[in-house]
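Before any comments, here is the structure.
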Amino acid sequence: MMEALGGDVSELFRRYFVNTLFDSTFVVLGILAAAAFATEPDPEFALGAILAACLAIGISTGVSVYEAEHTEGEIHLNRLERAMLSPLRDTRLEQGLRLSRIATSLVNFSAPLVVAAVTGLPILLYERGVLGDFFLAASVSSALGLGIVFATGYFLGTLTGRGPWRKAARMTLIALGTFGVLVGIERLF
């Protein structure tokens, strides 16, 4: 159904999901860089900032993906209606487009929440007394964020069938470099 409109549902999920996952992971790495290396670290603020940022990114991407796909779907549907000289409103095609748009939006809304849950867990464990050092908790959170980037890179590499380890390493190095720059900025200020 989506192929008839020039789109592939799995492609939309992949593209939007990967972008959202990266955006939210890099934002979290920025929060962690600022929180872990602050002169007076505030774990509650760090955890709240991670959750708030990821929720905001989730809502933003969920709505923007929905609206972008709604617009694109309408454009393609209008073109098909003109070509077929027949209305396609309230058809299975239109219903399929609507379901695809909703599912894609929900998946992208959830991506940052997954990042928040994974990277926020060590800080939550610190607050509950399971981890005794905030720097350790923030370091584990950062490592988990880098792990998300690595796993995503590896997954993307397997889709092309070429160099999943290389793609994972390249994407992780970019994230690690970004984290290093953010830590440097935090230390300057």
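Note on naming: chains are A, B, ... as they come in the structure tokens, residues start from 1 per chain, ligands start from 1 in the order shown.
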Non-local contacts of Ser60 in chain A (8 Å; only C-alpha atoms; under 4 positions in same chain excluded) as a ChimeraX atom specification
/A:56,64,109
Rank nothing, just name the residue among A:Pro112, A:Gly120, A:Gly73, A:Gly157 nearest to Leu93 in chain A, using only C-alpha atoms.
A:Gly73
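The closest residue to Thr39 in chain A, picked from A:Ser110, A:Glu81, A:Phe135, A:Ser142 and counting only C-alpha atoms, is A:Phe135.
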DSSP on the backbone, then: every residue of range 2-189 of chain A marked alpha helix (DSSP H), written as a ChimeraX atom specification.
/A:9-36,43-84,92-127,134-160,164-188
Two-atom distance - CA of Gly145 in chain A, CA of Met171 in chain A (Å):
11.9 Å
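Here CA of Val107 in chain A is placed at a distance of 16.7 Å from CA of Phe155 in chain A.
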Using only C-alpha atoms, can you tell me which of A:Ser100, A:Thr178, A:Thr119, A:Ser86 comes closest to Gly30 in chain A?
A:Thr178
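Counting only C-alpha atoms, the residue from A:Ala53, A:Leu32, A:Val63, A:Ala46 that sits nearest to Leu144 in chain A is A:Leu32.
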Write out as number ranges by chain which residues come within 12 Å of Gly180 in chain A when counting only C-alpha atoms, dropping same-chain ones fewer than 5 positions away.
A: 26, 29-30, 32-34, 37, 142, 173-175, 185-187
Got time to write the residues from that selection, C-alpha atoms, as a CSV table (one decimal), in the first residue's frame?
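Saved as again_12.csv:
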chain,number,residue,atom,x,y,z
A,26,PHE,CA,23.4,13.1,21.9
A,29,LEU,CA,25.4,12.9,26.4
A,30,GLY,CA,25.4,16.7,26.6
A,32,LEU,CA,25.7,13.9,31.3
A,33,ALA,CA,28.8,15.8,30.3
A,34,ALA,CA,27.6,18.9,32.1
A,37,PHE,CA,31.9,17.2,35.4
A,142,SER,CA,27.4,7.8,29.2
A,173,LEU,CA,33.6,7.5,17.5
A,174,ILE,CA,31.5,10.5,16.4
A,175,ALA,CA,29.5,10.2,19.6
A,185,ILE,CA,33.2,22.9,27.2
A,186,GLU,CA,31.9,22.0,30.7
A,187,ARG,CA,35.4,22.3,32.1
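Going from CA of Ala49 in chain A over to CA of Val65 in chain A, you cover 23.5 Å.
Of the residues under consideration (A:Thr25, A:Ala111, A:Leu47, A:Val18), A:Leu47 shows the shortest atom-to-atom contact distance to Ala138 in chain A when counting only C-alpha atoms.
The smallest atom-to-atom distance between Thr61 in chain A and any of A:Asp90, A:Asp23, A:Glu40, A:Glu74, using only C-alpha atoms, is found for A:Asp23.
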Do you know which residues are at most 8 Å from Tyr66 in chain A counting only C-alpha atoms, after dropping those on the same chain fewer than 3 positions away, and could you put them as a list of chain:residue names?
A:Gly62, A:Val63, A:Glu69, A:His70, A:Arg101, A:Ile102, A:Thr104, A:Ser105
Write a file of the just-selected residues containing C-alpha atoms, as a PDB file, in the first residue's frame.
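Output (selection_33.pdb):
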ATOM      1  CA  GLY A  62       6.154  12.323  17.205  1.00  0.00           C
ATOM      2  CA  VAL A  63       4.170  15.364  16.127  1.00  0.00           C
ATOM      3  CA  GLU A  69       3.756  11.997   6.824  1.00  0.00           C
ATOM      4  CA  HIS A  70       0.219  13.406   6.820  1.00  0.00           C
ATOM      5  CA  ARG A 101       1.491   7.518   9.987  1.00  0.00           C
ATOM      6  CA  ILE A 102       0.227   6.859  13.528  1.00  0.00           C
ATOM      7  CA  THR A 104       5.548   5.663  12.720  1.00  0.00           C
ATOM      8  CA  SER A 105       4.811   8.621  14.996  1.00  0.00           C
TER       9      SER A 105
END
